[in-house]
Structures are given as structure tokens and as C-alpha cells.
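Shown here: coords32.cif, mmCIF, C-alpha atoms and all ligand atoms.
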data_model
#
loop_
_atom_site.label_atom_id
_atom_site.label_comp_id
_atom_site.auth_asym_id
_atom_site.auth_seq_id
_atom_site.Cartn_x
_atom_site.Cartn_y
_atom_site.Cartn_z
CA MET A 269 6.10 13.49 20.41
CA THR A 270 2.44 12.59 20.96
CA GLU A 271 0.11 11.50 18.16
CA GLU A 272 -1.60 14.88 18.37
CA GLN A 273 1.66 16.77 17.98
CA LEU A 274 2.65 14.54 15.07
CA LEU A 275 -0.65 15.15 13.28
CA ASN A 276 -0.36 18.89 13.87
CA LYS A 277 3.08 18.82 12.32
CA TYR A 278 1.94 16.68 9.35
CA PRO A 279 -1.59 17.86 8.50
CA SER A 280 -1.60 15.73 5.33
CA LEU A 281 -1.71 12.72 7.65
CA ALA A 282 -4.38 14.06 9.97
CA ARG A 283 -7.40 14.05 7.72
CA VAL A 284 -8.87 10.62 6.93
CA GLU A 285 -12.04 11.61 5.10
CA ARG A 286 -13.29 14.29 2.71
CA ARG A 287 -15.66 16.04 5.05
CA GLU A 288 -14.66 19.24 6.80
CA ALA A 289 -14.67 19.26 10.61
CA GLY A 290 -18.19 19.74 11.94
CA SER A 291 -19.98 18.66 8.76
CA PHE A 292 -22.30 15.67 8.55
CA ARG A 293 -20.48 12.33 8.76
CA GLN A 294 -21.87 9.40 6.81
CA VAL A 295 -21.90 5.95 8.40
CA LYS A 296 -18.33 4.67 8.13
CA SER A 297 -16.80 1.20 8.15
CA PHE A 298 -14.15 2.28 10.69
CA VAL A 299 -13.73 4.02 14.02
CA LEU A 300 -10.37 5.61 14.68
CA ARG A 301 -8.43 3.72 17.35
CA GLY A 302 -5.55 5.48 19.06
CA GLN A 303 -2.48 3.60 20.22
CA LYS A 304 0.67 5.27 21.49
CA LEU A 305 3.22 5.45 18.71
CA LYS A 306 6.74 4.20 19.33
CA ASP A 307 9.80 6.31 18.56
CA TYR A 308 10.60 4.36 15.40
CA GLN A 309 7.10 5.05 14.05
CA ILE A 310 7.44 8.79 14.62
CA ARG A 311 10.87 8.67 13.00
CA ALA A 312 9.41 6.85 10.01
CA VAL A 313 6.96 9.72 9.48
CA GLU A 314 9.63 12.37 9.90
CA GLU A 315 12.04 10.68 7.53
CA HIS A 316 9.93 8.82 4.98
CA LEU A 317 6.37 10.08 4.80
CA ASP A 318 6.81 11.69 1.40
CA ASP A 319 8.79 8.73 0.03
CA TYR A 320 6.21 6.03 0.66
CA ALA A 321 2.84 7.66 1.34
CA VAL A 322 0.25 8.78 -1.17
CA PHE A 323 -2.11 11.56 -0.14
CA TYR A 324 -5.76 12.04 -0.93
CA ARG A 325 -6.68 14.36 -3.76
CA ASN A 326 -9.74 14.73 -5.91
CA GLY A 327 -8.12 13.54 -9.13
CA LEU A 328 -7.09 10.23 -10.68
CA ILE A 329 -3.73 8.63 -10.01
CA SER A 330 -1.93 6.01 -12.11
CA SER A 331 0.70 3.33 -11.52
CA GLN A 332 3.06 5.40 -13.65
CA GLU A 333 2.69 8.46 -11.45
CA ILE A 334 2.90 6.66 -8.11
CA PHE A 335 5.35 3.84 -8.85
CA GLY A 336 7.15 5.10 -11.94
CA ASN A 337 6.21 2.07 -14.03
CA SER A 338 3.13 0.58 -15.67
CA ASN A 339 3.02 -2.71 -13.74
CA PRO A 340 -0.44 -3.90 -12.66
CA MET A 341 -1.81 -2.39 -9.46
CA VAL A 342 -3.42 -4.28 -6.59
CA ILE A 343 -5.16 -2.36 -3.80
CA GLU A 344 -5.42 -3.61 -0.23
CA ILE A 345 -8.09 -2.14 2.01
CA GLY A 346 -7.70 -2.12 5.81
CA PHE A 347 -4.19 -3.55 6.14
CA GLY A 348 -4.09 -3.28 9.95
CA MET A 349 -0.50 -3.94 11.05
CA GLY A 350 0.47 -4.79 7.49
CA GLU A 351 2.16 -8.18 8.01
CA ALA A 352 0.50 -9.69 4.94
CA THR A 353 0.87 -6.45 2.99
CA VAL A 354 4.65 -6.27 3.30
CA GLN A 355 5.18 -9.97 2.67
CA ILE A 356 2.99 -10.02 -0.45
CA ALA A 357 4.79 -6.96 -1.86
CA LYS A 358 8.17 -8.62 -1.18
CA ASP A 359 7.05 -11.81 -2.88
CA ASN A 360 5.71 -10.04 -6.00
CA PRO A 361 8.09 -7.30 -7.14
CA GLY A 362 6.39 -7.11 -10.55
CA ILE A 363 3.09 -5.92 -9.05
CA ASN A 364 2.42 -2.50 -7.53
CA TYR A 365 0.54 -2.46 -4.24
CA LEU A 366 -1.40 0.51 -2.94
CA ALA A 367 -2.47 -0.28 0.63
CA ILE A 368 -5.02 1.83 2.48
CA GLU A 369 -5.57 2.00 6.25
CA VAL A 370 -6.84 4.72 8.58
CA PHE A 371 -5.26 3.23 11.75
CA LEU A 372 -2.21 5.43 12.36
CA TYR A 373 -0.29 2.87 14.40
CA GLY A 374 -0.41 0.31 11.59
CA PHE A 375 0.22 2.95 8.94
CA THR A 376 3.40 4.21 10.61
CA LYS A 377 4.60 0.68 11.29
CA VAL A 378 4.33 -0.20 7.61
CA LEU A 379 5.98 3.09 6.64
CA SER A 380 9.00 1.95 8.61
CA ARG A 381 8.89 -1.61 7.18
CA ILE A 382 8.80 -0.35 3.58
CA ASP A 383 12.02 1.53 4.25
CA GLN A 384 13.66 -1.40 6.08
CA GLU A 385 12.82 -3.81 3.29
CA GLY A 386 13.65 -1.33 0.52
CA LEU A 387 10.30 -2.00 -1.18
CA LYS A 388 9.71 -0.03 -4.35
CA ASN A 389 6.34 -1.59 -5.15
CA LEU A 390 4.38 -0.71 -2.00
CA LYS A 391 2.83 2.67 -1.22
CA ILE A 392 0.39 3.42 1.56
CA MET A 393 -2.46 5.83 2.19
CA ARG A 394 -4.13 6.93 5.40
CA PHE A 395 -7.62 7.77 4.19
CA ASP A 396 -11.11 6.32 3.88
CA ALA A 397 -10.76 3.71 1.14
CA THR A 398 -14.25 4.39 -0.22
CA GLU A 399 -13.36 7.99 -0.96
CA VAL A 400 -9.98 7.02 -2.40
CA LEU A 401 -11.66 4.63 -4.83
CA GLU A 402 -14.37 7.10 -5.77
CA ASP A 403 -12.05 10.03 -6.46
CA MET A 404 -8.60 8.70 -7.29
CA ILE A 405 -8.89 5.34 -9.05
CA ALA A 406 -9.86 5.06 -12.72
CA ASP A 407 -12.54 2.57 -13.78
CA ASN A 408 -11.31 -0.77 -15.22
CA SER A 409 -7.76 -0.13 -13.97
CA VAL A 410 -7.14 -2.37 -10.93
CA ARG A 411 -5.75 -5.92 -11.12
CA GLY A 412 -7.09 -6.96 -7.74
CA PHE A 413 -8.39 -6.02 -4.31
CA HIS A 414 -7.26 -7.62 -1.05
CA ILE A 415 -9.60 -7.24 1.90
CA PHE A 416 -8.39 -9.42 4.74
CA PHE A 417 -10.54 -9.71 7.85
CA PRO A 418 -12.65 -6.57 7.42
CA ASP A 419 -14.36 -5.56 10.67
CA PRO A 420 -17.36 -7.90 11.01
CA TRP A 421 -19.47 -5.40 12.97
CA PRO A 422 -21.29 -8.33 14.60
CA LYS A 423 -24.22 -6.45 16.16
CA LYS A 424 -27.19 -6.26 13.85
CA ARG A 425 -27.61 -2.53 14.38
CA HIS A 426 -24.02 -2.08 13.12
CA HIS A 427 -24.34 -4.17 9.96
CA ASN A 428 -24.67 -0.95 7.95
CA ARG A 429 -21.01 -0.26 8.82
CA ARG A 430 -19.78 -3.39 7.07
CA LEU A 431 -17.48 -2.66 4.18
CA ILE A 432 -18.77 -5.37 1.85
CA GLN A 433 -22.26 -4.19 0.99
CA THR A 434 -23.74 -3.72 -2.46
CA PRO A 435 -22.77 -0.07 -3.15
CA PHE A 436 -19.15 -0.62 -2.12
CA ALA A 437 -18.94 -3.96 -3.93
CA GLN A 438 -20.23 -2.24 -7.09
CA LEU A 439 -17.57 0.42 -6.66
CA LEU A 440 -14.88 -2.27 -6.37
CA ALA A 441 -16.22 -4.10 -9.42
CA SER A 442 -16.24 -0.90 -11.49
CA LYS A 443 -12.55 -0.28 -10.71
CA LEU A 444 -11.41 -3.80 -11.66
CA GLU A 445 -9.90 -4.46 -15.05
CA LYS A 446 -11.26 -7.40 -17.03
CA GLY A 447 -9.95 -10.59 -15.38
CA GLY A 448 -9.26 -8.70 -12.14
CA TYR A 449 -10.17 -10.22 -8.77
CA ILE A 450 -11.53 -9.39 -5.35
CA TYR A 451 -10.07 -11.53 -2.59
CA CYS A 452 -11.76 -11.28 0.82
CA VAL A 453 -11.09 -13.37 3.91
CA THR A 454 -13.06 -13.40 7.13
CA ASP A 455 -13.52 -15.49 10.27
CA TRP A 456 -17.18 -14.52 10.50
CA ARG A 457 -19.35 -17.09 8.67
CA GLU A 458 -22.49 -15.01 8.39
CA TYR A 459 -20.49 -12.10 6.93
CA ALA A 460 -18.69 -14.50 4.57
CA GLU A 461 -22.03 -15.74 3.26
CA GLU A 462 -23.18 -12.16 2.80
CA MET A 463 -19.95 -11.41 0.88
CA LEU A 464 -20.57 -14.30 -1.50
CA GLU A 465 -24.08 -13.11 -2.17
CA VAL A 466 -23.23 -9.41 -2.52
CA LEU A 467 -20.21 -9.93 -4.79
CA SER A 468 -21.99 -12.44 -7.03
CA GLY A 469 -24.89 -9.98 -7.20
CA CYS A 470 -22.50 -7.39 -8.70
CA GLY A 471 -21.88 -9.58 -11.74
CA LEU A 472 -18.57 -10.99 -10.48
CA LYS A 473 -17.88 -14.64 -11.17
CA ASN A 474 -17.09 -17.06 -8.37
CA PRO A 475 -14.79 -19.71 -9.90
CA TYR A 476 -15.34 -21.91 -6.86
CA ASN A 477 -18.39 -23.66 -5.65
CA GLY A 478 -18.98 -21.44 -2.61
CA PHE A 479 -15.92 -20.50 -0.55
CA ALA A 480 -12.47 -20.63 -2.13
CA PRO A 481 -9.86 -23.10 -0.89
CA ALA A 482 -7.16 -21.44 1.25
CA ILE A 483 -4.92 -19.57 -1.18
CA GLU A 484 -1.34 -20.58 -0.46
CA TRP A 485 0.37 -17.24 -1.17
CA ARG A 486 -1.60 -15.28 1.45
CA PRO A 487 0.41 -14.75 4.64
CA SER A 488 -1.44 -14.87 7.93
CA THR A 489 -2.52 -11.67 9.74
CA GLY A 490 -3.08 -10.58 13.32
CA PHE A 491 -6.84 -10.78 12.99
CA GLU A 492 -6.58 -14.24 11.46
CA ARG A 493 -4.64 -15.42 14.54
CA LYS A 494 -7.31 -13.93 16.81
CA GLY A 495 -10.01 -15.77 14.88
CA LEU A 496 -8.15 -19.06 15.05
CA GLU A 497 -7.51 -18.64 18.78
CA ALA A 498 -11.25 -18.19 19.24
CA GLN A 499 -11.71 -21.40 17.18
CA ARG A 500 -13.48 -19.66 14.32
CA GLU A 501 -13.07 -21.04 10.82
CA ILE A 502 -11.33 -18.96 8.16
CA LEU A 503 -13.45 -18.42 5.06
CA GLU A 504 -12.12 -17.14 1.75
CA VAL A 505 -14.22 -15.42 -0.90
CA TYR A 506 -12.58 -14.96 -4.31
CA THR A 507 -14.43 -13.48 -7.25
CA VAL A 508 -13.36 -12.39 -10.72
CA LYS A 509 -14.57 -9.78 -13.23
CA GLU A 510 -15.15 -11.50 -16.57
C1 LIG B 1 -10.29 -6.02 11.59
S1 LIG B 1 -9.01 -5.03 10.94
C2 LIG B 1 -8.08 -6.19 9.94
C3 LIG B 1 -6.67 -5.75 9.72
C4 LIG B 1 -5.79 -6.67 8.88
N1 LIG B 1 -6.28 -6.79 7.51
C5 LIG B 1 -5.66 -8.04 9.51
O1 LIG B 1 -6.17 -9.01 8.90
O2 LIG B 1 -5.07 -8.15 10.58
C6 LIG B 1 -9.84 -4.05 9.74
C7 LIG B 1 -9.10 -2.75 9.41
O3 LIG B 1 -9.77 -2.08 8.36
C8 LIG B 1 -9.60 -0.69 8.53
N2 LIG B 1 -10.67 -0.02 7.77
C9 LIG B 1 -12.01 -0.22 7.89
N3 LIG B 1 -12.69 0.54 7.02
C10 LIG B 1 -11.75 1.24 6.32
C11 LIG B 1 -11.85 2.21 5.29
N4 LIG B 1 -13.04 2.60 4.81
N5 LIG B 1 -10.72 2.74 4.81
C12 LIG B 1 -9.50 2.36 5.31
N6 LIG B 1 -9.36 1.45 6.29
C13 LIG B 1 -10.47 0.90 6.79
C14 LIG B 1 -9.72 -0.50 10.04
O4 LIG B 1 -9.08 0.68 10.46
C15 LIG B 1 -9.04 -1.77 10.58
O5 LIG B 1 -7.70 -1.53 10.91
#

Can the structure in the file be given as C-alpha cells, please?
Amino acid sequence: MTEEQLLNKYPSLARVERREAGSFRQVKSFVLRGQKLKDYQIRAVEEHLDDYAVFYRNGLISSQEIFGNSNPMVIEIGFGMGEATVQIAKDNPGINYLAIEVFLYGFTKVLSRIDQEGLKNLKIMRFDATEVLEDMIADNSVRGFHIFFPDPWPKKRHHNRRLIQTPFAQLLASKLEKGGYIYCVTDWREYAEEMLEVLSGCGLKNPYNGFAPAIEWRPSTGFERKGLEAQREILEVYTVKE
């Protein structure tokens, strides 16, 4: 089955943003990349989509509704192939993880991994994270956000596509509970400096003097390996809502 056939069969997976086809599209932090799905990924959708995926709706969700318990919820944005996502969920069974990614290849891979690992505390969404936060997540309700290696959009004319800019950072901050954190990692120094400035400007506290030391529980990711291969330094930005 091709990606197109799969999306026709599962329309709830096809739409990644609120807008209707043909209507004006705001500047987005992502472009949709296609990559041929393997048989196991298609099977994961056919067998487990409803078990492990959460679908967009214009209405708030809660840990209780999605996970069946009231454990704290951490949201990851842009999980890519999900290596870190799955490992962190395995390591922390007492925390609920809602992980959001529009890239279908990564989404279906993680769908299959959740089943393989029998994870009860990880659910995934294929939708624009900004719209998910705006419409589905209550204020002051999130324990933490993980944003690992967001696209750096290096060309100046594309900087307006960067995820971490003031309006989005304010949205993140408004969703955090008191004591909650935002943990970003990037291999792009100039973006890392911008993150520090933008997040501090939203009233979040940086407990470190500048960048955070490498946090030992974070597993590596594909984009981290690419950065290291290109000899870029890895910079961590960790801020807290007081
Ligand atoms: C550079 S990749 C990093 C992936 C992974 N975190 C890693 O470290 O390997 C950034 C990912 O963020 C996703 N992304 C960007 N903006 C997004 C948004 N608004 N909602 C959901 N996913 C988004 C992209 O599709 C892309 O896969």
C-alpha cells in the first residue's frame, strides 16, 4: 500500500493542520517530507492506530482521558524517528508522554515501537503541535516540554519558520504547571542563543548560567548524531516556570 492509499483509508491520519484544503496557510515550522513506508509501518497503522494515537479535536484532553490515570504529562514536539521518545517513556513509567510529529515515517515507526515495547505511558499525534497546544491542552497542566533538535531553518529568510519564537514560547509557558520545564536541545549555536533569550523573555527561569550541562537521562537522537558528525557542538537550554 502506498502512503497515499494509506492516508485515504485512514483520513484521521491525513490531516496535519486545522485549515481546510485550499485555504490560506500560515507560515509553518515544518514541511511534510515523504519517505516510503515499510510493511511493518503500514501494519502498525492497520492494527494499532486507535490504540496508541490521539487525534486532533477542538476540545481539551486530560491525562485521565488519554492514559487512564492522573500521572503528570510531558509533551514532546517533533520527535522525528522517536528513538529518544521511546527510551524516555520506557525509563519513566510514572510519567505520561504525549509526543507530536507530522512526519508520517517517524510516526508509524513509533506506533510500531509502542506496541513492541508494550508502553502504556506513550501516545502519539500526527498534527501541527502549535494547534494541538492551542486547542487541546489546558493552561497550567503540563509537567514539561521536550523539543530536541528543532529544525534550525538556517537561512535568514526562513527564520520566521523557527519553532522557538516569542508567540510559541509564550504558548508553551502558559501550558506549563508551576515548576514545569521546557527542555530544548540544538546543534545550532545562534538558534540556541535565541532560545535562551526568547524563553527567558517569557518569564521562565534559567537555573543555569547560560546553557545547561548535558542532562544525563536524555538519549541521543538521529539529528544529534548528524550534528556531531558535522562537528557542531550540542547546546542544551533548560528553563523552568516558577
Ligand atoms: C530536525 S527534526 C528533529 C527530530 C528529532 N527530535 C531528532 O532529534 O532526531 C525536527 C522535527 O520536528 C517536526 N516538526 C516541526 N514543526 C512541527 C510542528 N509544528 N508540529 C509537529 N512536528 C513538527 C518535523 O517534522 C521534524 O521531523

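You will find atom CA of Val370 of chain A at 23.5 Å from atom CA of Glu504 of chain A.
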
Skip Leu372 of chain A itself and residues of its chain fewer than 4 positions away, then list as a VMD selection string all residues within 10 Å of it, counting all atoms listed in the file. chain A and resid 271 275 281 to 282 300 to 305 309 348 to 349 376 to 378 394

Within 7 Å of ligand LIG 1 (chain B) (all atoms listed in the file), residues as a VMD selection string: chain A and resid 296 to 300 345 to 350 368 to 371 395 to 398 415 to 419 431 489 to 492

Write out as a PyMOL selection string the residues lying within 9 Å of Ile502 of chain A, counting all atoms listed in the file and excluding same-chain residues fewer than 2 positions away. chain A and resi 453-457+482+492+495-496+500+504

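The protein and nucleic acid residues lying at most 8 Å from segment 465-473 of chain A are Ile432, Gln433, Thr434, Ala437, Gln438, Ala441, Glu461, Thr507, Val508, Lys509 and Glu510 of chain A, with all atoms listed in the file considered and sequence neighbours fewer than 4 positions away removed.
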
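When only C-alpha atoms are used to compute distances to Asn428 of chain A, the closest of the residues A:Ser409, A:Lys358, A:Tyr459, A:Ile334 turns out to be A:Tyr459.
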
What are the centre and edge lengths in Å, to one decimal, of the axis-aligned box around all listed atoms of segment 378-383 of chain A with 8 Å added on each side, as JSON?
{"center_x": 8.2, "center_y": 0.7, "center_z": 6.1, "size_x": 23.7, "size_y": 20.7, "size_z": 21.0}

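Residue nearest Asp383 of chain A within the list A:Asp307, A:Asp318, A:Glu458, A:Glu501: A:Asp318 [criterion: smallest interatomic distance, only C-alpha atoms].
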
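Picture a line from atom CA of Ala352 of chain A to atom CA of Glu272 of chain A; it runs 28.1 Å.
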
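Residues in contact range of Val505 of chain A, defined as at most 6 Å between only C-alpha atoms, with sequence neighbours fewer than 2 positions away removed, read Tyr451, Cys452, Phe479 and Ala480 of chain A.
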
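Going from atom CA of Tyr449 of chain A over to atom CA of Tyr506 of chain A, you cover 6.9 Å.
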
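Minimum distance to Ile382 of chain A across A:Lys423, A:Lys443, A:Lys277, A:His316 (counting all atoms listed in the file) occurs at A:His316.
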
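Residue nearest Tyr373 of chain A within the list A:Glu385, A:Val342, A:Met463, A:Ala312: A:Ala312 [criterion: smallest interatomic distance, all atoms listed in the file].
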
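If all atoms listed in the file are the atoms counted, then among A:Asp319, A:Glu351, A:Glu445, A:Glu462 the closest residue to Val410 of chain A is A:Glu445.
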
Neighbours of point (1.8, 3.9, -4.1) within 6 Å, using only C-alpha atoms, written as a PyMOL selection string: chain A and resi 322+334-335+366+390-392

Could segment 299-327 of chain A be completed with N, CA and C atoms and returned as a compact mmCIF listing (two decimals), keeping the file's coordinate frame?
# COMPACT_ATOMS: atom_id res chain seq x y z
N VAL A 299 -13.84 3.00 12.98
CA VAL A 299 -13.73 4.02 14.02
C VAL A 299 -12.24 4.19 14.25
N LEU A 300 -11.81 5.40 14.52
CA LEU A 300 -10.37 5.61 14.68
C LEU A 300 -9.93 5.15 16.06
N ARG A 301 -8.98 4.22 16.08
CA ARG A 301 -8.43 3.72 17.35
C ARG A 301 -7.09 4.40 17.56
N GLY A 302 -6.86 4.89 18.76
CA GLY A 302 -5.55 5.48 19.06
C GLY A 302 -4.69 4.44 19.75
N GLN A 303 -3.42 4.47 19.51
CA GLN A 303 -2.48 3.60 20.22
C GLN A 303 -1.17 4.36 20.22
N LYS A 304 -0.52 4.41 21.38
CA LYS A 304 0.67 5.27 21.49
C LYS A 304 1.76 4.82 20.50
N LEU A 305 2.21 5.77 19.72
CA LEU A 305 3.22 5.45 18.71
C LEU A 305 4.59 5.30 19.37
N LYS A 306 5.37 4.38 18.83
CA LYS A 306 6.74 4.20 19.33
C LYS A 306 7.66 5.18 18.59
N ASP A 307 8.86 5.35 19.15
CA ASP A 307 9.80 6.31 18.56
C ASP A 307 10.09 6.00 17.09
N TYR A 308 10.24 4.70 16.78
CA TYR A 308 10.60 4.36 15.40
C TYR A 308 9.48 4.73 14.43
N GLN A 309 8.23 4.71 14.93
CA GLN A 309 7.10 5.05 14.05
C GLN A 309 7.08 6.56 13.77
N ILE A 310 7.38 7.33 14.80
CA ILE A 310 7.44 8.79 14.62
C ILE A 310 8.60 9.14 13.68
N ARG A 311 9.71 8.44 13.87
CA ARG A 311 10.87 8.67 13.00
C ARG A 311 10.53 8.33 11.55
N ALA A 312 9.79 7.25 11.37
CA ALA A 312 9.41 6.85 10.01
C ALA A 312 8.63 7.98 9.33
N VAL A 313 7.73 8.61 10.06
CA VAL A 313 6.96 9.72 9.48
C VAL A 313 7.90 10.88 9.16
N GLU A 314 8.75 11.20 10.11
CA GLU A 314 9.63 12.37 9.90
C GLU A 314 10.58 12.16 8.73
N GLU A 315 11.01 10.91 8.56
CA GLU A 315 12.04 10.68 7.53
C GLU A 315 11.49 10.20 6.19
N HIS A 316 10.33 9.51 6.21
CA HIS A 316 9.93 8.82 4.98
C HIS A 316 8.51 9.05 4.50
N LEU A 317 7.78 9.93 5.18
CA LEU A 317 6.37 10.08 4.80
C LEU A 317 6.22 10.36 3.30
N ASP A 318 6.98 11.32 2.80
CA ASP A 318 6.81 11.69 1.40
C ASP A 318 7.34 10.63 0.43
N ASP A 319 8.24 9.77 0.92
CA ASP A 319 8.79 8.73 0.03
C ASP A 319 7.78 7.61 -0.23
N TYR A 320 7.01 7.24 0.80
CA TYR A 320 6.21 6.03 0.66
C TYR A 320 4.71 6.24 0.81
N ALA A 321 4.28 7.45 1.17
CA ALA A 321 2.84 7.66 1.34
C ALA A 321 2.27 8.37 0.11
N VAL A 322 1.01 8.09 -0.13
CA VAL A 322 0.25 8.78 -1.17
C VAL A 322 -0.84 9.54 -0.44
N PHE A 323 -1.12 10.76 -0.85
CA PHE A 323 -2.11 11.56 -0.14
C PHE A 323 -3.37 11.73 -0.97
N TYR A 324 -4.47 11.88 -0.25
CA TYR A 324 -5.76 12.04 -0.93
C TYR A 324 -5.77 13.31 -1.78
N ARG A 325 -6.36 13.17 -2.96
CA ARG A 325 -6.68 14.36 -3.76
C ARG A 325 -7.90 14.02 -4.61
N ASN A 326 -8.59 15.01 -5.05
CA ASN A 326 -9.74 14.73 -5.91
C ASN A 326 -9.27 14.75 -7.35
N GLY A 327 -8.68 13.64 -7.78
CA GLY A 327 -8.12 13.54 -9.13
C GLY A 327 -7.49 12.17 -9.28
